[in-house]
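Shown below: data07.cif, with mmCIF, C-alpha atoms.
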data_structure
loop_
_atom_site.label_atom_id
_atom_site.label_comp_id
_atom_site.auth_asym_id
_atom_site.auth_seq_id
_atom_site.Cartn_x
_atom_site.Cartn_y
_atom_site.Cartn_z
CA MET A 275 2.97 -6.66 -63.09
CA SER A 276 -0.33 -7.83 -64.57
CA GLU A 277 -2.56 -10.36 -62.83
CA LYS A 278 -1.66 -12.89 -65.53
CA LYS A 279 2.05 -12.42 -64.92
CA GLN A 280 1.59 -12.62 -61.15
CA ASN A 281 -0.15 -15.93 -61.49
CA ALA A 282 2.54 -17.15 -63.89
CA VAL A 283 5.00 -16.48 -61.07
CA ILE A 284 2.85 -18.56 -58.73
CA LEU A 285 2.96 -21.45 -61.21
CA ALA A 286 6.73 -21.07 -61.57
CA ILE A 287 7.16 -21.26 -57.78
CA LYS A 288 5.01 -24.37 -57.74
CA ARG A 289 7.22 -25.85 -60.45
CA GLY A 290 10.32 -25.02 -58.41
CA ASP A 291 11.77 -22.72 -61.07
CA ASN A 292 15.00 -21.59 -59.49
CA LYS A 293 15.51 -18.54 -61.68
CA VAL A 294 12.05 -17.21 -60.82
CA LEU A 295 12.62 -17.91 -57.13
CA GLU A 296 15.91 -16.01 -57.13
CA LYS A 297 14.47 -13.10 -59.10
CA LEU A 298 11.48 -12.89 -56.77
CA TYR A 299 13.83 -12.85 -53.78
CA ASN A 300 16.16 -10.23 -55.22
CA ASP A 301 13.47 -7.95 -56.66
CA ASN A 302 11.58 -7.63 -53.40
CA ARG A 303 14.45 -7.67 -50.92
CA GLN A 304 15.51 -4.03 -51.13
CA PRO A 305 12.03 -2.44 -50.94
CA PHE A 306 11.09 -4.82 -48.14
CA LEU A 307 14.18 -4.01 -46.04
CA ILE A 308 13.73 -0.27 -46.59
CA TRP A 309 10.11 -0.59 -45.55
CA VAL A 310 10.99 -2.45 -42.34
CA TYR A 311 13.69 0.13 -41.55
CA GLN A 312 11.32 3.00 -42.10
CA LEU A 313 8.69 1.63 -39.81
CA TYR A 314 10.64 -0.08 -37.07
CA GLN A 315 14.25 1.05 -37.30
CA CYS A 316 15.54 -2.43 -36.63
CA SER A 317 18.95 -3.84 -37.50
CA GLU A 318 19.73 -5.06 -41.00
CA GLU A 319 20.16 -8.55 -39.58
CA ASP A 320 16.63 -8.48 -38.12
CA ALA A 321 15.19 -7.08 -41.34
CA VAL A 322 16.83 -9.81 -43.44
CA GLU A 323 15.63 -12.47 -41.01
CA ILE A 324 12.04 -11.19 -41.29
CA TYR A 325 12.32 -10.97 -45.06
CA GLN A 326 13.56 -14.53 -45.34
CA LYS A 327 10.79 -15.79 -43.08
CA ALA A 328 8.15 -13.90 -45.08
CA TYR A 329 9.58 -15.26 -48.30
CA THR A 330 9.58 -18.80 -46.89
CA ILE A 331 5.93 -18.51 -45.83
CA LEU A 332 4.97 -17.20 -49.27
CA TYR A 333 6.88 -20.08 -50.85
CA MET A 334 5.33 -22.72 -48.61
CA ASN A 335 1.82 -21.32 -49.11
CA VAL A 336 2.27 -21.69 -52.85
CA ARG A 337 3.82 -25.14 -52.63
CA ASP A 338 1.14 -26.39 -50.23
CA GLY A 339 -1.62 -25.08 -52.46
CA LYS A 340 -2.88 -22.50 -49.94
CA LEU A 341 -2.12 -19.75 -52.42
CA VAL A 342 -3.23 -20.65 -55.91
CA GLU A 343 -4.32 -17.31 -57.27
CA LEU A 344 -3.52 -13.75 -56.30
CA THR A 345 -6.07 -11.01 -55.86
CA SER A 346 -3.37 -8.46 -55.05
CA SER A 347 0.20 -8.21 -56.33
CA ILE A 348 2.70 -10.80 -55.14
CA LYS A 349 4.68 -7.95 -53.60
CA THR A 350 1.65 -6.82 -51.58
CA TYR A 351 1.13 -10.39 -50.43
CA LEU A 352 4.76 -10.67 -49.35
CA PHE A 353 4.62 -7.36 -47.51
CA SER A 354 1.41 -8.38 -45.77
CA ILE A 355 3.10 -11.49 -44.44
CA GLY A 356 6.05 -9.33 -43.40
CA LYS A 357 3.79 -6.91 -41.60
CA ASN A 358 2.44 -9.66 -39.39
CA LEU A 359 5.89 -11.06 -38.72
CA VAL A 360 7.23 -7.62 -37.78
CA ARG A 361 4.27 -7.11 -35.52
CA GLU A 362 5.05 -10.34 -33.73
CA LYS A 363 8.76 -9.68 -33.47
CA PHE A 364 8.56 -6.12 -32.21
CA ARG A 365 5.42 -6.35 -30.15
CA SER A 366 7.28 -5.32 -27.02
CA LYS A 367 9.61 -2.82 -28.63
CA HIS A 368 8.83 0.66 -27.40
CA ASN A 369 10.52 2.66 -30.10
CA ALA A 370 8.28 1.44 -32.86
CA THR A 371 6.97 4.44 -34.73
CA VAL A 372 3.58 2.96 -35.41
CA ASN A 373 1.41 1.48 -32.74
CA LEU A 374 1.94 -2.12 -33.65
CA ASP A 375 -1.29 -3.32 -32.16
CA ASP A 376 -3.08 -1.05 -34.56
CA VAL A 377 -1.30 -2.38 -37.62
CA SER A 378 -3.86 -5.08 -37.56
CA ASN A 379 -3.90 -8.25 -39.52
CA THR A 380 -7.28 -7.73 -41.05
CA THR A 381 -6.65 -8.72 -44.62
CA ALA A 382 -8.21 -11.74 -46.22
CA ILE A 383 -4.89 -13.54 -46.50
CA GLN A 384 -4.46 -13.68 -42.75
CA GLY A 385 -5.70 -17.25 -42.69
CA GLN A 386 -2.75 -18.23 -44.82
CA LEU A 387 -0.10 -16.60 -42.69
CA ASP A 388 0.33 -19.39 -40.25
CA ASP A 389 4.03 -19.09 -39.52
CA ASP A 390 3.78 -21.86 -36.94
CA ILE A 391 3.69 -24.12 -39.95
CA LEU A 392 7.41 -23.53 -40.30
CA ASP A 393 8.06 -24.73 -36.75
CA ALA A 394 6.19 -27.94 -37.43
CA TYR A 395 8.73 -28.83 -40.10
CA GLN A 396 11.74 -28.07 -38.00
CA GLU A 397 11.78 -31.18 -35.88
CA GLU A 398 15.35 -32.33 -36.20
CA HIS A 399 14.54 -35.89 -35.31
CA GLN A 400 12.13 -36.30 -38.22
CA LYS A 401 14.63 -34.75 -40.59
CA ASN A 402 17.42 -37.01 -39.34
CA ILE A 403 15.29 -40.10 -39.79
CA VAL A 404 14.43 -39.15 -43.36
CA ARG A 405 18.12 -38.45 -44.03
CA GLU A 406 19.01 -41.89 -42.67
CA LEU A 407 16.25 -43.54 -44.70
CA LEU A 408 17.50 -41.88 -47.88
CA ASN A 409 21.01 -43.11 -47.25
CA GLU A 410 19.71 -46.62 -46.62
CA ILE A 411 17.38 -46.75 -49.59
CA GLY A 412 20.18 -45.84 -52.01
CA ASP A 413 19.89 -44.87 -55.68
CA PRO A 414 17.90 -44.33 -57.82
CA CYS A 415 15.24 -43.78 -55.10
CA LYS A 416 17.53 -41.53 -53.08
CA THR A 417 18.24 -39.17 -55.98
CA LEU A 418 14.64 -39.15 -57.17
CA LEU A 419 13.20 -38.37 -53.72
CA GLU A 420 15.87 -35.75 -53.01
CA LEU A 421 15.15 -33.98 -56.28
CA MET A 422 11.40 -34.05 -55.82
CA PHE A 423 10.97 -33.48 -52.11
CA ILE A 424 14.08 -31.64 -50.98
CA LYS A 425 15.11 -29.63 -54.02
CA GLY A 426 11.49 -29.13 -55.09
CA TYR A 427 11.88 -30.30 -58.71
CA SER A 428 8.74 -30.82 -60.78
CA SER A 429 8.14 -34.24 -62.40
CA ASP A 430 9.12 -32.70 -65.72
CA ALA A 431 12.44 -31.48 -64.33
CA VAL A 432 13.12 -34.93 -62.87
CA VAL A 433 12.54 -36.52 -66.31
CA HIS A 434 15.43 -34.43 -67.66
CA ALA A 435 17.67 -34.73 -64.61
CA MET A 436 17.38 -38.52 -64.41
CA ASN A 437 16.91 -39.34 -68.08
CA TYR A 438 13.51 -40.96 -67.66
CA SER A 439 11.28 -41.34 -70.68
CA ASP A 440 8.33 -39.34 -69.36
CA GLU A 441 6.53 -38.03 -66.28
CA ARG A 442 4.46 -41.18 -65.86
CA VAL A 443 7.65 -43.12 -65.15
CA VAL A 444 8.66 -40.50 -62.60
CA ARG A 445 5.32 -40.70 -60.83
CA LYS A 446 5.39 -44.48 -60.74
CA ARG A 447 8.97 -44.57 -59.47
CA LYS A 448 8.21 -41.96 -56.87
CA SER A 449 5.26 -43.98 -55.62
CA LEU A 450 7.35 -47.13 -55.36
CA CYS A 451 10.16 -45.31 -53.56
CA LEU A 452 7.76 -43.75 -51.06
CA LYS A 453 6.18 -47.12 -50.40
CA LYS A 454 9.60 -48.56 -49.76
CA LEU A 455 10.36 -45.72 -47.32
CA ARG A 456 7.14 -46.40 -45.43
CA GLU A 457 7.99 -50.06 -45.17
CA MET A 458 11.44 -49.18 -43.86
CA VAL A 459 9.92 -46.92 -41.19
CA ALA A 460 7.45 -49.64 -40.18
CA GLU A 461 10.31 -52.12 -39.84
CA LYS A 462 12.34 -49.73 -37.71
CA ASN A 463 9.40 -49.17 -35.39
CA ASP A 464 11.10 -46.04 -34.04
CA SER A 465 8.92 -44.86 -31.16
CA GLN A 466 10.39 -41.35 -31.30
CA PHE A 467 9.30 -41.03 -34.90
CA PHE A 468 5.66 -41.37 -33.96
CA MET B 62 -8.90 -52.01 -52.41
CA THR B 63 -5.42 -53.20 -53.35
CA PRO B 64 -2.35 -52.07 -51.39
CA GLN B 65 -1.28 -50.14 -54.47
CA GLN B 66 -4.58 -48.28 -54.61
CA GLN B 67 -4.27 -47.52 -50.91
CA SER B 68 -0.79 -46.09 -51.49
CA GLN B 69 -2.09 -43.93 -54.31
CA LEU B 70 -4.89 -42.71 -52.08
CA ILE B 71 -2.47 -41.73 -49.32
CA GLU B 72 -0.07 -39.99 -51.68
CA GLY B 73 -2.95 -38.21 -53.41
CA TYR B 74 -4.18 -37.00 -50.05
CA PHE B 75 -0.83 -35.41 -49.17
CA GLU B 76 -0.39 -33.99 -52.64
CA GLY B 77 -3.88 -32.48 -52.47
CA THR B 78 -5.00 -34.16 -55.69
CA LEU B 79 -7.91 -36.29 -54.42
CA THR B 80 -11.42 -35.82 -55.74
CA THR B 81 -14.30 -35.29 -53.31
CA ASP B 82 -15.24 -38.98 -53.48
CA GLN B 83 -11.66 -40.05 -52.94
CA LYS B 84 -11.37 -37.76 -49.93
CA LYS B 85 -14.47 -39.35 -48.48
CA GLN B 86 -13.04 -42.80 -49.11
CA PHE B 87 -9.76 -41.74 -47.51
CA LYS B 88 -11.53 -40.49 -44.37
CA GLU B 89 -13.60 -43.65 -44.06
CA LEU B 90 -10.57 -45.89 -44.39
CA ARG B 91 -8.59 -43.82 -41.92
CA ARG B 92 -11.40 -44.05 -39.40
CA HIS B 93 -12.15 -47.74 -39.71
CA ASP B 94 -8.94 -49.43 -40.86
CA PRO B 95 -6.13 -49.26 -38.24
CA ASP B 96 -3.49 -50.50 -40.70
CA PHE B 97 -4.43 -47.78 -43.16
CA ALA B 98 -4.41 -45.20 -40.37
CA LYS B 99 -0.91 -46.31 -39.38
CA GLU B 100 0.28 -46.04 -42.99
CA VAL B 101 -1.11 -42.51 -43.14
CA LYS B 102 0.68 -41.60 -39.92
CA ILE B 103 3.97 -42.93 -41.21
CA TYR B 104 3.57 -41.04 -44.47
CA GLN B 105 2.71 -37.87 -42.57
CA LYS B 106 5.93 -38.12 -40.56
CA ILE B 107 8.00 -38.81 -43.66
CA GLU B 108 6.38 -35.89 -45.42
CA ARG B 109 7.17 -33.60 -42.49
CA GLY B 110 10.77 -34.79 -42.47
CA PHE B 111 11.01 -34.06 -46.18
CA LYS B 112 9.45 -30.63 -45.74
CA GLY B 113 11.94 -29.83 -43.00
CA LEU B 114 14.79 -30.79 -45.31
CA HIS B 115 13.17 -28.84 -48.13
CA LEU B 116 13.06 -25.74 -45.92
CA ASP B 117 16.72 -26.24 -45.03
CA HIS B 118 17.45 -26.35 -48.74
CA LEU B 119 15.47 -23.14 -49.31
CA GLN B 120 17.31 -21.46 -46.43
CA ASN B 121 20.65 -22.39 -48.02
CA GLN B 122 19.46 -20.97 -51.33
CA MET B 123 18.36 -17.73 -49.68
CA ASN B 124 21.70 -17.45 -47.91
CA SER B 125 23.53 -17.85 -51.21
CA TRP B 126 21.31 -15.19 -52.85
CA GLU B 127 21.90 -13.04 -49.79
CA SER B 128 25.68 -13.24 -50.20
CA GLY B 129 25.20 -11.87 -53.72
CA GLN B 130 23.33 -8.94 -52.20
CA LYS B 131 26.03 -7.93 -49.72
CA GLU B 132 27.39 -5.20 -51.96
CA THR B 133 23.95 -3.61 -52.23
CA LYS B 134 23.63 -1.92 -48.88
CA VAL B 135 20.28 -0.67 -47.76
CA VAL B 136 20.35 3.07 -47.23
CA GLU B 137 19.40 3.80 -43.66
CA LEU B 138 16.95 6.64 -43.47
CA PRO B 139 17.59 9.67 -41.31
CA ALA B 140 15.51 10.48 -38.24
CA ARG B 141 11.86 11.09 -39.03
CA GLY B 142 11.95 14.82 -38.28
CA SER B 143 14.40 15.53 -41.07
CA TRP B 144 12.76 13.31 -43.65
CA VAL B 145 11.08 16.09 -45.53
CA LYS B 146 14.41 17.73 -46.34
CA TYR B 147 15.85 14.46 -47.61
CA ILE B 148 12.69 13.61 -49.52
CA SER B 149 12.86 16.97 -51.25
CA ILE B 150 16.50 16.42 -52.22
CA ALA B 151 15.77 12.87 -53.39
CA ALA B 152 12.75 14.07 -55.35
CA ALA B 153 14.80 16.81 -57.00
CA ILE B 154 17.51 14.31 -57.97
CA ALA B 155 14.89 11.87 -59.22
CA ILE B 156 13.33 14.57 -61.38
CA MET B 157 16.73 15.55 -62.78
CA ILE B 158 17.54 11.94 -63.62
CA THR B 159 14.19 10.95 -65.05
CA THR B 160 13.21 14.08 -66.94
CA PRO B 161 15.13 13.21 -70.15
CA PHE B 162 13.57 9.75 -70.17
CA ILE B 163 10.13 11.12 -69.56
CA TYR B 164 10.65 13.58 -72.38
CA GLN B 165 11.87 10.86 -74.73
CA ASN B 166 8.86 8.70 -73.95
CA MET B 167 6.36 11.52 -74.14
CA ASN B 168 4.90 10.43 -77.43
CA SER B 169 5.36 6.68 -77.16
CA ASN B 170 2.31 5.79 -75.05
CA PRO B 171 -0.63 8.06 -74.28
CA TYR B 172 -1.15 6.46 -70.87
CA GLU B 173 2.47 7.05 -69.82
CA GLN B 174 2.12 10.61 -71.03
CA TYR B 175 -0.97 11.35 -69.00
CA PHE B 176 -0.62 9.24 -65.87
CA GLN B 177 1.21 11.05 -63.14
CA ALA B 178 1.30 9.94 -59.52
CA SER B 179 1.69 13.48 -58.31
CA ALA B 180 2.83 14.03 -54.73
CA ASP B 181 0.15 16.72 -54.45
CA TYR B 182 -2.52 14.11 -53.89
CA ALA B 183 -0.90 13.12 -50.60
CA THR B 184 -0.31 16.44 -48.95
CA ASP B 185 -2.92 16.23 -46.22
CA LEU B 186 -0.56 14.98 -43.52
CA VAL B 187 -2.29 16.19 -40.39
CA SER B 188 -6.00 16.60 -40.85
CA LEU B 189 -8.40 13.68 -40.87
CA ARG B 190 -12.01 13.25 -41.68
CA GLY B 191 -14.22 11.66 -39.12
CA SER B 192 -13.74 11.46 -35.40
CA THR B 193 -13.62 7.70 -34.99
CA VAL B 194 -10.06 7.25 -36.19
CA SER B 195 -7.37 6.76 -33.54
CA SER B 196 -4.12 8.70 -33.30
CA SER B 197 -2.15 5.62 -34.35
CA ASP B 198 -4.28 5.48 -37.49
CA ILE B 199 -3.42 9.08 -38.22
CA GLU B 200 0.23 8.10 -37.90
CA LEU B 201 -0.41 5.16 -40.23
CA LYS B 202 -1.96 7.48 -42.81
CA ASN B 203 0.92 9.93 -42.51
CA GLN B 204 3.43 7.13 -42.99
CA GLY B 205 1.48 5.91 -46.00
CA PHE B 206 1.42 9.38 -47.55
CA LEU B 207 5.13 9.86 -46.89
CA ALA B 208 5.89 6.54 -48.56
CA TYR B 209 3.74 7.62 -51.53
CA GLN B 210 5.59 10.93 -51.78
CA GLN B 211 8.85 9.02 -51.84
CA ASN B 212 7.50 6.93 -54.74
CA ASN B 213 7.62 3.94 -52.43
CA TYR B 214 4.21 2.85 -53.65
CA GLN B 215 4.29 -0.69 -52.30
CA THR B 216 4.81 0.53 -48.74
CA ALA B 217 2.14 3.18 -49.24
CA ILE B 218 -0.31 0.49 -50.35
CA VAL B 219 0.34 -1.77 -47.37
CA LEU B 220 -0.07 1.09 -44.90
CA LEU B 221 -3.05 2.76 -46.54
CA GLU B 222 -4.88 -0.51 -47.09
CA ASP B 223 -4.66 -1.08 -43.38
CA TYR B 224 -5.69 2.47 -42.63
CA THR B 225 -8.71 2.56 -44.96
CA GLN B 226 -10.07 -0.63 -43.48
CA ARG B 227 -10.84 1.43 -40.41
CA ALA B 228 -11.11 4.93 -41.86
CA THR B 229 -13.54 3.75 -44.54
CA ASP B 230 -14.75 7.24 -45.43
CA ASP B 231 -11.33 8.84 -45.90
CA TYR B 232 -11.64 9.14 -49.66
CA GLN B 233 -8.46 11.13 -50.04
CA ALA B 234 -6.54 8.16 -48.64
CA ARG B 235 -8.46 5.90 -51.04
CA LEU B 236 -7.52 8.16 -53.94
CA VAL B 237 -3.83 8.01 -53.00
CA LEU B 238 -4.13 4.25 -52.53
CA GLY B 239 -5.66 3.91 -55.99
CA ILE B 240 -3.01 6.07 -57.65
CA ALA B 241 -0.27 4.09 -55.87
CA ALA B 242 -1.81 0.85 -57.13
CA LEU B 243 -1.89 2.28 -60.64
CA ALA B 244 1.75 3.32 -60.30
CA ILE B 245 2.74 -0.29 -59.71
CA SER B 246 0.47 -1.45 -62.55
CA ASP B 247 -2.11 -3.09 -60.31
CA GLU B 248 -5.02 -1.71 -62.33
CA ASN B 249 -7.69 -3.87 -60.74
CA ALA B 250 -6.82 -2.73 -57.22
CA ALA B 251 -6.76 0.87 -58.46
CA ILE B 252 -10.17 0.59 -60.12
CA HIS B 253 -11.57 -0.92 -56.92
CA GLN B 254 -10.48 2.14 -54.93
CA PHE B 255 -11.75 4.63 -57.52
CA ASP B 256 -15.07 2.78 -57.74
CA ASN B 257 -15.39 3.15 -54.00
CA ILE B 258 -14.95 6.92 -54.25
CA LEU B 259 -17.34 7.24 -57.20
CA ARG B 260 -20.02 5.33 -55.32
CA SER B 261 -19.61 7.70 -52.37
CA ASN B 262 -19.98 10.88 -54.42
CA ASP B 263 -17.35 12.53 -52.22
CA ALA B 264 -17.17 16.00 -53.77
CA ASN B 265 -13.50 16.59 -52.90
CA THR B 266 -12.13 13.54 -54.64
CA LYS B 267 -14.80 12.62 -57.19
CA GLN B 268 -13.31 14.46 -60.18
CA ASP B 269 -9.81 13.06 -59.56
CA ALA B 270 -11.31 9.59 -59.09
CA GLN B 271 -13.13 9.89 -62.44
CA TRP B 272 -9.95 10.88 -64.24
CA PHE B 273 -7.81 8.13 -62.73
CA TRP B 274 -10.62 5.61 -63.20
CA ALA B 275 -10.57 6.41 -66.93
CA LEU B 276 -6.77 6.01 -67.03
CA ALA B 277 -6.91 2.74 -65.07
CA GLN B 278 -9.57 1.31 -67.38
CA TYR B 279 -7.46 2.24 -70.39
CA LYS B 280 -4.41 0.59 -68.81
CA ALA B 281 -6.54 -2.49 -68.10
CA LYS B 282 -7.42 -2.51 -71.81
CA ASN B 283 -11.06 -1.60 -71.14
CA THR B 284 -10.85 1.15 -73.72
CA ALA B 285 -14.61 1.51 -74.22
CA ALA B 286 -15.20 2.11 -70.50
CA SER B 287 -12.30 4.53 -70.42
CA LYS B 288 -13.64 6.51 -73.37
CA LYS B 289 -17.11 6.66 -71.87
CA MET B 290 -15.76 8.22 -68.68
CA LEU B 291 -13.53 10.60 -70.63
CA THR B 292 -16.55 11.76 -72.61
CA LYS B 293 -18.40 12.37 -69.36
CA ILE B 294 -15.48 14.42 -68.01
CA ILE B 295 -15.24 16.43 -71.23
CA ALA B 296 -18.97 17.18 -71.09
CA SER B 297 -18.36 19.08 -67.87
CA THR B 298 -16.47 22.21 -68.84
CA THR B 299 -15.66 23.01 -65.22
CA HIS B 300 -14.15 19.58 -64.51
CA ILE B 301 -10.57 19.92 -63.22
CA HIS B 302 -9.39 17.31 -65.72
CA HIS B 303 -11.48 18.62 -68.63
CA GLN B 304 -8.56 19.53 -70.90
CA GLN B 305 -6.47 16.47 -69.97
CA ALA B 306 -9.44 14.23 -70.75
CA LYS B 307 -9.93 15.94 -74.09
CA ASP B 308 -6.27 15.53 -75.04
CA PHE B 309 -6.11 11.95 -73.79
CA LEU B 310 -9.23 10.95 -75.70
CA ASN B 311 -7.77 12.47 -78.87
CA ALA B 312 -4.54 10.58 -78.28
CA ILE B 313 -6.20 7.19 -77.85
CA ASP B 314 -8.84 7.57 -80.54
#
Go ahead and express the file in the form of structure tokens.
Amino acid sequence: MSEKKQNAVILAIKRGDNKVLEKLYNDNRQPFLIWVYQLYQCSEEDAVEIYQKAYTILYMNVRDGKLVELTSSIKTYLFSIGKNLVREKFRSKHNATVNLDDVSNTTAIQGQLDDDILDAYQEEHQKNIVRELLNEIGDPCKTLLELMFIKGYSSDAVVHAMNYSDERVVRKRKSLCLKKLREMVAEKNDSQFF
Amino acid sequence: MTPQQQSQLIEGYFEGTLTTDQKKQFKELRRHDPDFAKEVKIYQKIERGFKGLHLDHLQNQMNSWESGQKETKVVELPARGSWVKYISIAAAIAIMITTPFIYQNMNSNPYEQYFQASADYATDLVSLRGSTVSSSDIELKNQGFLAYQQNNYQTAIVLLEDYTQRATDDYQARLVLGIAALAISDENAAIHQFDNILRSNDANTKQDAQWFWALAQYKAKNTAASKKMLTKIIASTTHIHHQQAKDFLNAID
């Protein structure tokens, strides 16, 4: 895939293009799993778990703007994330065929492979509060925020999904809805939330 | 600053769309205005909650894609010792399957006709240049070469990139790495590796590097650079790719 096409994929991920996301997942899954098997002879379940985590990190790095342009292929980037995850997971496993400490994480993208970032978003309490807030705020804010922040729709996609006239309306509505959410949180004064 | 402007500033901060001046303004306000700082904290928590839910959504999507994959089982590879036998069988089958297609496409694209990621370039499985490379690196190189021989170029690239970061003067590994990159159409990465070899003047790999450099430049649509190198190769009658270069130049002219 050319550099131009690779970066078009990055933009599509940023836009939340579901077809591209699914294709990216399916196209890389088989080679990735074979690669993990070859090197570490782990179970299929473990290999899929590592693949999904690598894919999630790639996705989040794009969405958070840490990855805006690729200098290698997207596949190489995904495999590099996977390599570090495998290294972590099987650090103590003796039957690894390659000395895992020597499969070092020396590439330039290492700074972007912070998989702890995923843990930071897994706090159930924060998720529950946002769920509650969405239920309380009701429509149209609930639908708009769910589409944009949970399903990852772009402003353009929200225009079509919610029949707004243009993206400016979406942005303005989003801003108002977020402000309302903040006010609701401040009113609740939930000590656990802070 | 109006409350609305403050809201825009906070949202812009989390969306990563603030200008340098706006970032500065944001930091100042956060430091000196406790109400603003509290707003930021609330937004941060909401954003994290949303991201958590967004990740849950992604996980559900992956699980649904995964269920569509269940019929496609990954072939478990045999024990390492017997790989060679299986690789040979697989390679033979692959040749039988692909030969008609290769033949059909022979005249469609000069590059496709002349580029060949031959397994011969990755046959040095035991020896290693230099004494500073550890045994685990040798294993890494071997695994990379095996992956290359299996046409598993992506794996070969990951392993050999790692390896050549330490074994910087193993130009054979760099050559294989470059050819693997070319095989997956990553011309820029390929050219980078071939450039490295050409700068070194390593006698064992130089002529191959020149040939693949010319092919990579052609693939990257740098036809003038490609032709210049091909002319240089043709000028040397003892060059191992002399005839190929001649034919390729004729084909692209």
Q: Between atom CA of A:Tyr427 and atom CA of A:Gly290, measure the distance and give it in Å to one decimal.
A: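 Computed distance, atom CA of A:Tyr427 to atom CA of A:Gly290, equals 5.5 Å.
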Given the file above and the PyMOL selection byres ((chain B) within 6 of (chain A)), which residues are selected, and can you give them as a PDB file with C-alpha atoms, in the frame of the given file?
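Wrote expr_30.pdb, looks like this:
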ATOM      1  CA  ARG B 109       7.170 -33.600 -42.490  1.00  0.00           C
ATOM      2  CA  GLY B 110      10.770 -34.790 -42.470  1.00  0.00           C
ATOM      3  CA  PHE B 111      11.010 -34.060 -46.180  1.00  0.00           C
ATOM      4  CA  LYS B 112       9.450 -30.630 -45.740  1.00  0.00           C
ATOM      5  CA  GLY B 113      11.940 -29.830 -43.000  1.00  0.00           C
ATOM      6  CA  LEU B 114      14.790 -30.790 -45.310  1.00  0.00           C
ATOM      7  CA  HIS B 115      13.170 -28.840 -48.130  1.00  0.00           C
ATOM      8  CA  SER B 197      -2.150   5.620 -34.350  1.00  0.00           C
ATOM      9  CA  SER B 246       0.470  -1.450 -62.550  1.00  0.00           C
TER      10      SER B 246
END
| request: List, as a VMD selection string, every residue that the PyMOL selection byres ((chain B and resi 87-97) around 10) selects in the file provided. | output: chain B and resid 64 67 to 68 70 to 71 73 to 74 79 81 to 86 98 to 103
key: Polymer residues at most 9 Å from (2.3, 9.7, -45.3) by all atoms listed in the file, as a ChimeraX atom specification   = /B:183-186,200-210,217,220-221
Atom CA of B:Leu236 sits from atom CA of B:Ala251 at a separation of 8.6 Å
Computed gap from atom CA of B:Lys293 to atom CA of B:Ala180 is 25.8 Å
Six-sided padding of 3 Å per side, axis-aligned box over stretch 291-305 of chain B, centre and edges in Å, one decimal, as lines of an AutoDock Vina configuration file:
center_x = -12.7
center_y = 16.8
center_z = -67.9
size_x = 18.5
size_y = 18.4
size_z = 15.4
